[in-house]
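K.L.:
So I've got this file, work.pdb, and it contains PDB, C-alpha atoms:
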```pdb
ATOM      1  CA  MET A   1       0.000   0.000   0.000
ATOM      2  CA  GLN A   2       1.316   3.416  -0.867
ATOM      3  CA  GLY A   3       0.023   5.079   2.308
ATOM      4  CA  ASP A   4      -2.004   8.266   2.415
ATOM      5  CA  ALA A   5      -0.138  10.175  -0.325
ATOM      6  CA  SER A   6      -3.185  11.505  -2.114
ATOM      7  CA  VAL A   7      -4.379  14.601  -3.883
ATOM      8  CA  VAL A   8      -7.734  15.469  -2.267
ATOM      9  CA  ASP A   9     -10.506  17.456  -3.970
ATOM     10  CA  ARG A  10     -13.387  18.596  -1.752
ATOM     11  CA  GLY A  11     -15.159  20.736  -4.358
ATOM     12  CA  ARG A  12     -17.761  23.143  -2.995
ATOM     13  CA  TYR A  13     -17.915  21.264   0.316
ATOM     14  CA  PRO A  14     -14.605  21.947   2.126
ATOM     15  CA  ASP A  15     -16.137  21.304   5.558
ATOM     16  CA  ALA A  16     -18.176  18.212   4.730
ATOM     17  CA  VAL A  17     -17.139  15.184   6.785
ATOM     18  CA  THR A  18     -16.999  11.779   5.104
ATOM     19  CA  PRO A  19     -15.759   8.349   6.236
ATOM     20  CA  TRP A  20     -12.431   9.222   4.553
ATOM     21  CA  GLU A  21     -11.574  11.301   7.635
ATOM     22  CA  ARG A  22     -11.324   8.117   9.717
ATOM     23  CA  LYS A  23      -8.000   6.327   9.309
ATOM     24  CA  ALA A  24      -9.451   2.910  10.181
ATOM     25  CA  TRP A  25     -12.111   3.263   7.491
ATOM     26  CA  ARG A  26      -9.583   4.582   4.977
ATOM     27  CA  ASP A  27      -7.190   1.708   5.625
ATOM     28  CA  ALA A  28      -9.989  -0.855   5.299
ATOM     29  CA  ALA A  29     -11.332   0.649   2.079
ATOM     30  CA  LEU A  30      -7.973   1.042   0.374
ATOM     31  CA  GLY A  31      -6.852  -2.393   1.534
ATOM     32  CA  TRP A  32     -10.004  -3.910   0.025
ATOM     33  CA  ALA A  33      -9.398  -2.009  -3.212
ATOM     34  CA  GLU A  34      -5.788  -3.179  -3.423
ATOM     35  CA  ARG A  35      -6.848  -6.791  -2.920
ATOM     36  CA  GLY A  36      -9.421  -6.332  -5.663
ATOM     37  CA  LEU A  37      -6.714  -5.058  -8.000
ATOM     38  CA  ALA A  38      -4.378  -7.895  -7.097
ATOM     39  CA  ALA A  39      -7.049 -10.479  -7.909
ATOM     40  CA  HIS A  40      -6.905  -9.169 -11.490
ATOM     41  CA  GLY A  41      -3.114  -8.994 -11.626
ATOM     42  CA  LEU A  42      -3.088  -5.209 -11.152
ATOM     43  CA  ARG A  43      -0.935  -3.107  -8.856
ATOM     44  CA  GLU A  44      -1.355   0.514  -7.890
ATOM     45  CA  THR A  45       1.305   2.982  -9.043
ATOM     46  CA  GLY A  46       1.692   6.719  -8.466
ATOM     47  CA  ARG A  47      -0.406   9.058  -6.339
ATOM     48  CA  ARG A  48      -4.098   8.699  -5.773
ATOM     49  CA  ALA A  49      -6.626  11.363  -6.658
ATOM     50  CA  VAL A  50      -9.395  11.528  -4.048
ATOM     51  CA  ARG A  51     -12.722  13.280  -4.635
ATOM     52  CA  LEU A  52     -14.767  13.824  -1.486
ATOM     53  CA  ARG A  53     -18.392  14.890  -1.579
ATOM     54  CA  PRO A  54     -21.164  14.613   1.023
ATOM     55  CA  TRP A  55     -22.668  11.809  -1.100
ATOM     56  CA  SER A  56     -19.585   9.795  -2.148
ATOM     57  CA  VAL A  57     -15.915   9.025  -1.711
ATOM     58  CA  LEU A  58     -14.200   8.500  -5.072
ATOM     59  CA  VAL A  59     -10.560   7.470  -5.438
ATOM     60  CA  ARG A  60      -8.682   7.265  -8.730
ATOM     61  CA  MET A  61      -6.023   4.550  -8.479
ATOM     62  CA  ASN A  62      -3.387   4.446 -11.208
ATOM     63  CA  VAL A  63      -2.526   0.963 -12.425
ATOM     64  CA  GLY A  64       0.273   1.626 -14.900
ATOM     65  CA  GLU A  65      -0.281   0.838 -18.563
ATOM     66  CA  GLN A  66      -3.857  -0.279 -17.838
ATOM     67  CA  GLY A  67      -4.753   3.310 -16.957
ATOM     68  CA  ALA A  68      -6.862   3.784 -13.845
ATOM     69  CA  VAL A  69      -9.346   1.996 -11.637
ATOM     70  CA  TRP A  70     -11.887   3.879  -9.541
ATOM     71  CA  PHE A  71     -12.912   3.066  -5.975
ATOM     72  CA  LYS A  72     -16.297   4.424  -4.891
ATOM     73  CA  ALA A  73     -17.992   4.383  -1.499
ATOM     74  CA  ASN A  74     -21.641   5.385  -1.100
ATOM     75  CA  PRO A  75     -23.511   6.589   1.990
ATOM     76  CA  PRO A  76     -25.959   4.131   3.569
ATOM     77  CA  ALA A  77     -28.942   5.514   1.635
ATOM     78  CA  GLY A  78     -27.110   4.944  -1.644
ATOM     79  CA  ALA A  79     -25.202   1.781  -0.730
ATOM     80  CA  PHE A  80     -27.412  -0.200  -3.118
ATOM     81  CA  GLU A  81     -25.349   1.200  -6.013
ATOM     82  CA  ALA A  82     -22.641  -1.437  -5.510
ATOM     83  CA  GLY A  83     -24.981  -4.403  -5.889
ATOM     84  CA  LEU A  84     -26.922  -2.682  -8.652
ATOM     85  CA  THR A  85     -23.732  -2.009 -10.620
ATOM     86  CA  GLU A  86     -22.809  -5.688 -10.387
ATOM     87  CA  ALA A  87     -26.294  -6.768 -11.491
ATOM     88  CA  LEU A  88     -26.436  -4.331 -14.407
ATOM     89  CA  ALA A  89     -23.195  -5.806 -15.741
ATOM     90  CA  ARG A  90     -25.034  -9.137 -16.004
ATOM     91  CA  TRP A  91     -28.342  -7.808 -17.312
ATOM     92  CA  VAL A  92     -27.246  -5.109 -19.771
ATOM     93  CA  PRO A  93     -23.461  -5.558 -20.244
ATOM     94  CA  GLU A  94     -23.415  -3.613 -23.508
ATOM     95  CA  HIS A  95     -24.544  -0.428 -21.712
ATOM     96  CA  VAL A  96     -22.505  -0.375 -18.479
ATOM     97  CA  LEU A  97     -19.083  -1.106 -17.006
ATOM     98  CA  LYS A  98     -18.220  -4.484 -15.510
ATOM     99  CA  PRO A  99     -16.890  -3.873 -11.985
ATOM    100  CA  VAL A 100     -13.478  -5.107 -10.935
ATOM    101  CA  ALA A 101     -14.795  -5.815  -7.424
ATOM    102  CA  VAL A 102     -17.943  -5.161  -5.395
ATOM    103  CA  ASP A 103     -18.743  -5.215  -1.682
ATOM    104  CA  ALA A 104     -22.514  -4.814  -1.694
ATOM    105  CA  ASP A 105     -22.800  -4.881   2.106
ATOM    106  CA  ARG A 106     -20.465  -1.906   2.541
ATOM    107  CA  GLY A 107     -21.512  -0.072  -0.611
ATOM    108  CA  TRP A 108     -18.033  -0.246  -2.150
ATOM    109  CA  THR A 109     -17.308  -0.610  -5.851
ATOM    110  CA  LEU A 110     -14.116  -0.862  -7.886
ATOM    111  CA  LEU A 111     -14.644   0.078 -11.541
ATOM    112  CA  PRO A 112     -12.373   0.192 -14.578
ATOM    113  CA  ASP A 113     -11.918   3.450 -16.436
ATOM    114  CA  GLY A 114     -14.673   3.924 -19.014
ATOM    115  CA  GLY A 115     -12.885   6.313 -21.358
ATOM    116  CA  PRO A 116     -13.679   9.986 -21.901
ATOM    117  CA  LEU A 117     -16.692  11.514 -20.234
ATOM    118  CA  PHE A 118     -19.340  12.773 -22.616
ATOM    119  CA  ARG A 119     -18.827  16.209 -21.023
ATOM    120  CA  ASP A 120     -15.187  16.200 -22.103
ATOM    121  CA  VAL A 121     -16.120  15.135 -25.619
ATOM    122  CA  LEU A 122     -18.568  18.036 -25.798
ATOM    123  CA  ASP A 123     -15.837  20.435 -24.675
ATOM    124  CA  ARG A 124     -13.242  19.447 -27.248
ATOM    125  CA  GLU A 125     -15.146  18.101 -30.243
ATOM    126  CA  ALA A 126     -17.919  19.203 -32.562
ATOM    127  CA  ALA A 127     -20.536  17.124 -30.762
ATOM    128  CA  GLY A 128     -24.093  18.366 -31.021
ATOM    129  CA  PRO A 129     -27.780  17.557 -30.577
ATOM    130  CA  ARG A 130     -27.503  14.396 -32.693
ATOM    131  CA  ASP A 131     -25.150  12.933 -30.086
ATOM    132  CA  TRP A 132     -27.718  13.647 -27.373
ATOM    133  CA  GLU A 133     -30.342  11.939 -29.530
ATOM    134  CA  ASP A 134     -28.145   8.848 -29.856
ATOM    135  CA  LEU A 135     -27.410   8.619 -26.130
ATOM    136  CA  LEU A 136     -31.069   9.048 -25.169
ATOM    137  CA  ARG A 137     -32.125   6.353 -27.636
ATOM    138  CA  GLN A 138     -29.478   3.976 -26.234
ATOM    139  CA  TYR A 139     -30.460   4.800 -22.664
ATOM    140  CA  ALA A 140     -34.119   4.099 -23.465
ATOM    141  CA  ASP A 141     -33.119   0.766 -25.029
ATOM    142  CA  MET A 142     -31.393  -0.110 -21.755
ATOM    143  CA  GLN A 143     -34.460   0.865 -19.741
ATOM    144  CA  ARG A 144     -36.626  -1.348 -21.927
ATOM    145  CA  ALA A 145     -34.253  -4.266 -21.386
ATOM    146  CA  LEU A 146     -34.395  -3.712 -17.598
ATOM    147  CA  GLU A 147     -38.190  -3.784 -17.272
ATOM    148  CA  PRO A 148     -38.233  -7.521 -16.355
ATOM    149  CA  TYR A 149     -35.761  -6.867 -13.520
ATOM    150  CA  ALA A 150     -37.704  -4.175 -11.650
ATOM    151  CA  ALA A 151     -38.494  -6.435  -8.687
ATOM    152  CA  GLU A 152     -34.907  -7.680  -8.496
ATOM    153  CA  MET A 153     -33.606  -4.115  -8.497
ATOM    154  CA  ALA A 154     -35.904  -3.284  -5.609
ATOM    155  CA  SER A 155     -34.676  -6.380  -3.745
ATOM    156  CA  LEU A 156     -31.125  -5.001  -4.075
ATOM    157  CA  GLY A 157     -32.238  -1.927  -2.140
ATOM    158  CA  VAL A 158     -32.896   0.447  -5.024
ATOM    159  CA  PRO A 159     -35.721   2.695  -3.738
ATOM    160  CA  ARG A 160     -39.110   2.041  -5.311
ATOM    161  CA  ALA A 161     -40.987   5.129  -6.432
ATOM    162  CA  PRO A 162     -43.912   4.052  -8.658
ATOM    163  CA  VAL A 163     -45.983   7.006  -9.801
ATOM    164  CA  THR A 164     -48.857   5.905  -7.547
ATOM    165  CA  ALA A 165     -46.550   6.437  -4.530
ATOM    166  CA  LEU A 166     -45.244   9.863  -5.568
ATOM    167  CA  PRO A 167     -47.953  11.895  -3.776
ATOM    168  CA  GLU A 168     -46.968  10.279  -0.464
ATOM    169  CA  ILE A 169     -43.266  10.855  -1.203
ATOM    170  CA  PHE A 170     -44.090  14.455  -2.104
ATOM    171  CA  ASP A 171     -45.875  14.934   1.252
ATOM    172  CA  ARG A 172     -42.863  13.604   3.127
ATOM    173  CA  LEU A 173     -40.441  15.835   1.229
ATOM    174  CA  VAL A 174     -42.511  18.980   1.667
ATOM    175  CA  GLY A 175     -43.186  18.306   5.332
ATOM    176  CA  GLY A 176     -39.580  17.457   6.169
ATOM    177  CA  ASN A 177     -37.753  20.167   4.256
ATOM    178  CA  THR A 178     -36.179  22.667   6.649
ATOM    179  CA  VAL A 179     -35.474  25.497   4.190
ATOM    180  CA  LEU A 180     -38.795  25.848   2.372
ATOM    181  CA  ARG A 181     -40.424  29.168   3.146
ATOM    182  CA  SER A 182     -43.921  28.965   4.575
ATOM    183  CA  GLY A 183     -45.399  30.520   1.424
ATOM    184  CA  ASP A 184     -43.668  27.946  -0.790
ATOM    185  CA  ARG A 185     -44.800  25.115   1.465
ATOM    186  CA  GLU A 186     -48.404  26.305   1.343
ATOM    187  CA  ALA A 187     -48.269  26.714  -2.443
ATOM    188  CA  LEU A 188     -46.872  23.219  -2.896
ATOM    189  CA  ARG A 189     -49.532  21.681  -0.692
ATOM    190  CA  ALA A 190     -52.252  23.617  -2.506
ATOM    191  CA  SER A 191     -50.984  22.200  -5.818
ATOM    192  CA  ARG A 192     -50.996  18.610  -4.579
ATOM    193  CA  PRO A 193     -54.308  17.668  -6.300
ATOM    194  CA  ARG A 194     -52.671  18.428  -9.653
ATOM    195  CA  LEU A 195     -49.836  16.071  -8.752
ATOM    196  CA  VAL A 196     -52.311  13.328  -7.851
ATOM    197  CA  ASP A 197     -54.069  13.748 -11.209
ATOM    198  CA  TRP A 198     -50.779  13.598 -13.155
ATOM    199  CA  CYS A 199     -49.753  10.439 -11.329
ATOM    200  CA  ALA A 200     -53.098   8.748 -11.984
ATOM    201  CA  GLU A 201     -53.007   9.672 -15.660
ATOM    202  CA  LEU A 202     -49.432   8.465 -16.143
ATOM    203  CA  ALA A 203     -50.038   5.218 -14.260
ATOM    204  CA  GLY A 204     -53.092   4.584 -16.415
ATOM    205  CA  MET A 205     -51.009   4.510 -19.588
ATOM    206  CA  GLY A 206     -49.586   1.153 -18.552
ATOM    207  CA  ILE A 207     -45.870   1.794 -19.106
ATOM    208  CA  ALA A 208     -43.897  -0.559 -16.868
ATOM    209  CA  ASP A 209     -41.533   0.714 -14.173
ATOM    210  CA  SER A 210     -37.830   0.433 -14.866
ATOM    211  CA  LEU A 211     -34.583   2.010 -13.716
ATOM    212  CA  ASP A 212     -34.572   5.790 -13.436
ATOM    213  CA  HIS A 213     -31.011   7.099 -13.220
ATOM    214  CA  SER A 214     -32.440  10.386 -11.878
ATOM    215  CA  ASP A 215     -29.290  12.408 -12.635
ATOM    216  CA  LEU A 216     -28.314  11.509 -16.202
ATOM    217  CA  HIS A 217     -26.216  14.506 -17.223
ATOM    218  CA  ASP A 218     -23.155  14.696 -19.457
ATOM    219  CA  GLY A 219     -20.796  13.966 -16.559
ATOM    220  CA  GLN A 220     -22.552  10.682 -15.746
ATOM    221  CA  LEU A 221     -21.806   8.750 -18.918
ATOM    222  CA  PHE A 222     -18.776   7.806 -20.937
ATOM    223  CA  ALA A 223     -18.412   8.282 -24.674
ATOM    224  CA  PRO A 224     -15.677   5.773 -25.536
ATOM    225  CA  ARG A 225     -16.241   6.136 -29.278
ATOM    226  CA  GLN A 226     -18.447   7.965 -31.738
ATOM    227  CA  GLY A 227     -22.094   7.053 -31.293
ATOM    228  CA  ARG A 228     -21.480   4.750 -28.325
ATOM    229  CA  PHE A 229     -22.223   5.525 -24.669
ATOM    230  CA  THR A 230     -21.661   3.797 -21.334
ATOM    231  CA  PHE A 231     -23.842   4.715 -18.360
ATOM    232  CA  PHE A 232     -22.650   4.807 -14.757
ATOM    233  CA  ASP A 233     -23.126   6.436 -11.317
ATOM    234  CA  TRP A 234     -26.389   4.948 -10.032
ATOM    235  CA  GLY A 235     -26.374   6.406  -6.509
ATOM    236  CA  ASP A 236     -29.449   8.578  -7.186
ATOM    237  CA  ALA A 237     -31.409   5.836  -8.956
ATOM    238  CA  THR A 238     -34.931   4.640  -8.264
ATOM    239  CA  VAL A 239     -37.245   1.981  -9.656
ATOM    240  CA  SER A 240     -39.878   4.240 -11.096
ATOM    241  CA  HIS A 241     -41.513   5.373 -14.305
ATOM    242  CA  PRO A 242     -38.703   5.265 -16.881
ATOM    243  CA  PHE A 243     -39.693   8.564 -18.481
ATOM    244  CA  CYS A 244     -38.743  10.458 -15.300
ATOM    245  CA  SER A 245     -35.140  10.065 -16.499
ATOM    246  CA  PHE A 246     -35.707  12.474 -19.384
ATOM    247  CA  LEU A 247     -35.781  15.613 -17.213
ATOM    248  CA  VAL A 248     -32.085  16.013 -16.378
ATOM    249  CA  PRO A 249     -30.489  15.327 -19.793
ATOM    250  CA  ALA A 250     -33.140  17.476 -21.480
ATOM    251  CA  LEU A 251     -32.411  20.401 -19.189
ATOM    252  CA  ARG A 252     -28.674  20.036 -19.762
ATOM    253  CA  ALA A 253     -29.033  19.870 -23.553
ATOM    254  CA  ALA A 254     -31.394  22.862 -23.547
ATOM    255  CA  GLU A 255     -28.753  24.859 -21.668
ATOM    256  CA  GLN A 256     -26.288  24.126 -24.463
ATOM    257  CA  TYR A 257     -28.456  24.403 -27.568
ATOM    258  CA  GLY A 258     -31.643  26.173 -26.512
ATOM    259  CA  PRO A 259     -35.147  24.777 -25.842
ATOM    260  CA  GLU A 260     -35.844  24.342 -29.539
ATOM    261  CA  VAL A 261     -33.773  21.150 -29.427
ATOM    262  CA  LEU A 262     -36.112  19.460 -26.943
ATOM    263  CA  PRO A 263     -38.760  18.048 -29.342
ATOM    264  CA  ARG A 264     -36.030  16.199 -31.259
ATOM    265  CA  LEU A 265     -34.542  14.784 -28.080
ATOM    266  CA  ARG A 266     -37.966  13.816 -26.755
ATOM    267  CA  ASP A 267     -38.867  11.884 -29.889
ATOM    268  CA  SER A 268     -35.480  10.124 -29.997
ATOM    269  CA  TYR A 269     -35.928   9.057 -26.396
ATOM    270  CA  LEU A 270     -39.467   7.827 -27.046
ATOM    271  CA  GLU A 271     -38.562   5.833 -30.164
ATOM    272  CA  PRO A 272     -37.929   2.514 -28.341
ATOM    273  CA  TRP A 273     -41.417   2.714 -26.798
ATOM    274  CA  THR A 274     -43.316   3.142 -30.061
ATOM    275  CA  ARG A 275     -43.661  -0.635 -30.389
ATOM    276  CA  ASP A 276     -45.973  -0.823 -27.334
ATOM    277  CA  GLY A 277     -49.114   0.338 -29.101
ATOM    278  CA  LEU A 278     -49.318   3.823 -27.625
ATOM    279  CA  THR A 279     -49.717   6.626 -30.133
ATOM    280  CA  THR A 280     -47.086   9.302 -30.616
ATOM    281  CA  ALA A 281     -49.418  11.811 -28.984
ATOM    282  CA  GLU A 282     -49.889   9.542 -25.946
ATOM    283  CA  LEU A 283     -46.155   8.985 -25.552
ATOM    284  CA  ARG A 284     -45.478  12.708 -25.809
ATOM    285  CA  ARG A 285     -48.141  13.369 -23.200
ATOM    286  CA  ALA A 286     -46.563  10.736 -20.947
ATOM    287  CA  VAL A 287     -43.074  12.210 -21.157
ATOM    288  CA  GLY A 288     -44.491  15.661 -20.405
ATOM    289  CA  LEU A 289     -46.102  14.332 -17.241
ATOM    290  CA  ALA A 290     -42.948  12.445 -16.266
ATOM    291  CA  TRP A 291     -40.877  15.603 -16.841
ATOM    292  CA  ARG A 292     -42.762  17.169 -13.931
ATOM    293  CA  LEU A 293     -42.655  14.061 -11.747
ATOM    294  CA  GLY A 294     -38.920  13.587 -12.297
ATOM    295  CA  ALA A 295     -38.435  16.573 -10.007
ATOM    296  CA  VAL A 296     -39.661  14.438  -7.095
ATOM    297  CA  GLY A 297     -36.857  11.925  -7.684
ATOM    298  CA  ARG A 298     -34.304  14.713  -7.831
ATOM    299  CA  ALA A 299     -35.627  16.172  -4.578
ATOM    300  CA  CYS A 300     -35.349  12.737  -2.923
ATOM    301  CA  SER A 301     -31.788  12.125  -4.030
ATOM    302  CA  TRP A 302     -30.460  15.105  -2.061
ATOM    303  CA  GLY A 303     -31.221  13.226   1.134
ATOM    304  CA  ARG A 304     -28.675  10.506   0.347
ATOM    305  CA  LEU A 305     -25.682  11.967   2.171
ATOM    306  CA  PHE A 306     -23.157  10.500   4.567
ATOM    307  CA  PRO A 307     -24.463  10.754   8.153
ATOM    308  CA  GLU A 308     -21.198  12.505   9.050
ATOM    309  CA  ALA A 309     -21.842  15.229   6.448
ATOM    310  CA  ALA A 310     -23.747  17.507   8.779
ATOM    311  CA  GLY A 311     -24.064  21.269   8.920
ATOM    312  CA  GLY A 312     -23.543  23.107   5.652
ATOM    313  CA  ALA A 313     -23.727  19.997   3.478
ATOM    314  CA  ASN A 314     -27.134  19.031   4.827
ATOM    315  CA  ALA A 315     -28.359  22.600   4.478
ATOM    316  CA  ALA A 316     -27.166  22.625   0.861
ATOM    317  CA  GLY A 317     -28.951  19.335   0.233
ATOM    318  CA  GLN A 318     -32.167  20.705   1.707
ATOM    319  CA  ALA A 319     -31.875  23.802  -0.483
ATOM    320  CA  GLU A 320     -31.335  21.707  -3.621
ATOM    321  CA  SER A 321     -34.290  19.500  -2.705
ATOM    322  CA  ALA A 322     -36.490  22.563  -2.176
ATOM    323  CA  GLY A 323     -35.469  23.929  -5.567
ATOM    324  CA  TRP A 324     -36.580  20.745  -7.305
ATOM    325  CA  LEU A 325     -39.874  20.725  -5.401
ATOM    326  CA  ARG A 326     -40.596  24.257  -6.577
ATOM    327  CA  GLN A 327     -39.822  23.197 -10.154
ATOM    328  CA  LEU A 328     -42.389  20.396  -9.998
ATOM    329  CA  PHE A 329     -45.231  22.698 -11.040
ATOM    330  CA  THR A 330     -43.320  24.551 -13.765
ATOM    331  CA  GLU A 331     -44.666  23.994 -17.272
ATOM    332  CA  PRO A 332     -42.293  21.697 -19.249
ATOM    333  CA  PRO A 333     -40.745  23.561 -22.228
ATOM    334  CA  LEU A 334     -41.832  20.829 -24.649
TER     335      LEU A 334
END
```
Can the structure in the file be given as structure tokens, please?
P.N.:
Amino acid sequence: MQGDASVVDRGRYPDAVTPWERKAWRDAALGWAERGLAAHGLRETGRRAVRLRPWSVLVRMNVGEQGAVWFKANPPAGAFEAGLTEALARWVPEHVLKPVAVDADRGWTLLPDGGPLFRDVLDREAAGPRDWEDLLRQYADMQRALEPYAAEMASLGVPRAPVTALPEIFDRLVGGNTVLRSGDREALRASRPRLVDWCAELAGMGIADSLDHSDLHDGQLFAPRQGRFTFFDWGDATVSHPFCSFLVPALRAAEQYGPEVLPRLRDSYLEPWTRDGLTTAELRRAVGLAWRLGAVGRACSWGRLFPEAAGGANAAGQAESAGWLRQLFTEPPL
């Protein structure tokens, strides 16, 4: 073991406390990672790069000519990601990375490098809306393939959030948020009947639950080659209506290219569902409803922090969650 010689990045959370601060935990985690490397004939070389956030510990471990391997630790509320990552590699291997090692009980994962992030490709190449169309179509194909595994995903600990349960989840989020102003809280509660109607309408369309990444932006997928994408980072995921996933990538693409790109992206995403007998108009209506409801999943995910990450980190999470709740009743720009 190379000791604690690491470059540490704490981002916007310099005071957030994670398990990394405890030497016993650090030694156990890095020892497990080194044994995982050794089982594949790999040995760590050079300094580690450590990325600490209130919701994850991420360590880049150099392994010589093979590049890098990434250790990730999740907080208890997101510990399911380790087992889910292992299962996805069996169920949809063409869409995800195969882990080097997994400790599902401790929420630890060791993953190979997946190539350039899509974000980096966008920064240095002439990528455009067509690339977003391709990735959304591939992501939807993966969701379709995962429909038969919804119950197994839930058994791995992935939170279930069927649309029929979203009003209750909404009540819990609104009631428990510590930064919502009283006027916002009252407005949200007054709008609840609209939420109930949306959920009933979407559930009535009969589209099966699947995996909702819940935070599918350009930094959460690899683009190893032109037209091919690999999806990762499932710590915010739920088993829910698949169309709720469309919200985050659509918002990110609209920031880059303007809202006029959204109808193209919507229809590319919906293409794999056209074989189910629903009309184009029905599918478009469904994704518009799910756009709104996806905000509930985003609000939930900000509660998945390390218990040690108190103070400012929890306040920031509450503020982010409140922002998504307020967005729930904003008209989708579709």
K.L.:
What's the 6 Å shell around Ser210 in chain A, counting all atoms listed in the file, without same-chain residues fewer than 5 positions away, as a VMD selection string?
P.N.:
chain A and resid 143 147 150 239 to 240 242
K.L.:
Enter the distance from CA of Val163 in chain A to CA of Leu135 in chain A, in Å, rounded to one decimal.
P.N.:
24.8 Å
K.L.:
If the PyMOL selection byres ((chain A and resi 178) around 10) were run on this exact file, what residues would it hold? Put them as a VMD selection string.
P.N.:
chain A and resid 173 to 177 179 to 181 314 to 315 318 to 319 322
K.L.:
What do you get, as a list in words, if you spell out every residue that the PyMOL selection byres ((chain A and resi 303) around 9) selects here?
P.N.:
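Applying the PyMOL selection byres ((chain A and resi 303) around 9) to the structure shown produces Trp55, Ala77, Ala299, Cys300, Ser301, Trp302, Arg304, Leu305, Asn314, Gly317, Gln318 and Ser321 of chain A.
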K.L.:
Please indicate the distance in Å from CA of Gly288 in chain A to CA of Glu94 in chain A, rounded to one decimal place.
P.N.:
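Calculated distance between CA of Gly288 in chain A and CA of Glu94 in chain A is 28.7 Å.
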K.L.:
Exactly which residues make up the result of the PyMOL selection byres ((chain A and resi 73) around 10) on this file, given as a ChimeraX atom specification?
P.N.:
/A:18-20,29,52,55-59,71-72,74-76,78-79,81-82,103,106-110,235
K.L.:
Of the residues A:Phe118, A:Trp25, A:Phe170, A:Trp91, which is the one nearest to Gly227 in chain A, using all atoms listed in the file?
P.N.:
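Counting all atoms listed in the file, the residue closest to Gly227 in chain A is A:Phe118.
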K.L.:
Mind pulling up the distance from CA of Arg228 in chain A to CA of Thr280 in chain A?
P.N.:
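Separating CA of Thr280 in chain A from CA of Arg228 in chain A is a distance of 26.1 Å.
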K.L.:
Taking all atoms of range 104-121 of chain A that the file lists and extending 5 Å past them on each side, where is the centre of the axis-aligned box and how long are its edges? Answer in Å to one decimal, as AutoDock Vina command-line options.
P.N.:
```
--center_x -17.4 --center_y 5.7 --center_z -11.5 --size_x 20.9 --size_y 31.1 --size_z 38.2
```
K.L.:
Pick out the closest residue to Thr164 in chain A from this set: A:Gly183, A:Ala190, A:Gln138, A:Leu293. Count all atoms listed in the file.
P.N.:
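Looking at the shortest contact to Thr164 in chain A, the residue is A:Leu293.
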K.L.:
Can you tell me which residues surround Pro99 in chain A at a distance of at most 8 Å, considering all atoms listed in the file, apart from same-chain residues fewer than 4 positions away, and format the answer as a PDB file with C-alpha atoms, keeping the file's coordinate frame?
P.N.:
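Now in part02.pdb:
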```pdb
ATOM      1  CA  THR A  85     -23.732  -2.009 -10.620  1.00  0.00           C
ATOM      2  CA  GLU A  86     -22.809  -5.688 -10.387  1.00  0.00           C
ATOM      3  CA  ALA A  89     -23.195  -5.806 -15.741  1.00  0.00           C
ATOM      4  CA  THR A 109     -17.308  -0.610  -5.851  1.00  0.00           C
ATOM      5  CA  LEU A 110     -14.116  -0.862  -7.886  1.00  0.00           C
ATOM      6  CA  LEU A 111     -14.644   0.078 -11.541  1.00  0.00           C
ATOM      7  CA  PRO A 112     -12.373   0.192 -14.578  1.00  0.00           C
TER       8      PRO A 112
END
```
K.L.:
As a PyMOL selection string, please: the residues near Glu65 in chain A (cut-off 10 Å, only C-alpha atoms, same-chain neighbours under 2 positions excluded).
P.N.:
chain A and resi 42+45+62-63+67-68
K.L.:
Could you tell me which of A:Asp134, A:Glu201, A:Asp105, A:Asp236 comes closest to Arg160 in chain A if we count only C-alpha atoms?
P.N.:
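With only C-alpha atoms as the atom set, the closest residue is A:Asp236.
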K.L.:
Between A:Glu168, A:Glu133, A:Glu282, A:Glu320, which one has atoms that come closest to Ala250 in chain A, using only C-alpha atoms?
P.N.:
A:Glu133
K.L.:
Please produce, as a tab-separated table, a per-residue contact table for range 138-221 of chain A versus range 257-274 of chain A (criterion: any atom at most 10 Å away, all atoms listed in the file considered), showing the nearest atom pair and its distance in Å to one decimal, sorted by chain then residue number.
P.N.:
```
residue	atom	partner	partner_atom	distance
A:Gln138	CA	A:Tyr269	CA	8.2
A:Tyr139	CA	A:Tyr269	CA	7.9
A:Ala140	CA	A:Tyr269	CA	6.0
A:Asp141	CA	A:Pro272	CA	6.1
A:Met142	CA	A:Pro272	CA	9.6
A:Gln143	CA	A:Pro272	CA	9.4
A:Arg144	CA	A:Pro272	CA	7.6
A:Ile207	CA	A:Trp273	CA	8.9
```
K.L.:
Considering only C-alpha atoms, can you say which of A:Thr230, A:Trp198, A:Leu216, A:Gly114 comes closest to Arg285 in chain A?
P.N.:
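Of the candidates, the smallest distance to Arg285 in chain A is held by A:Trp198.
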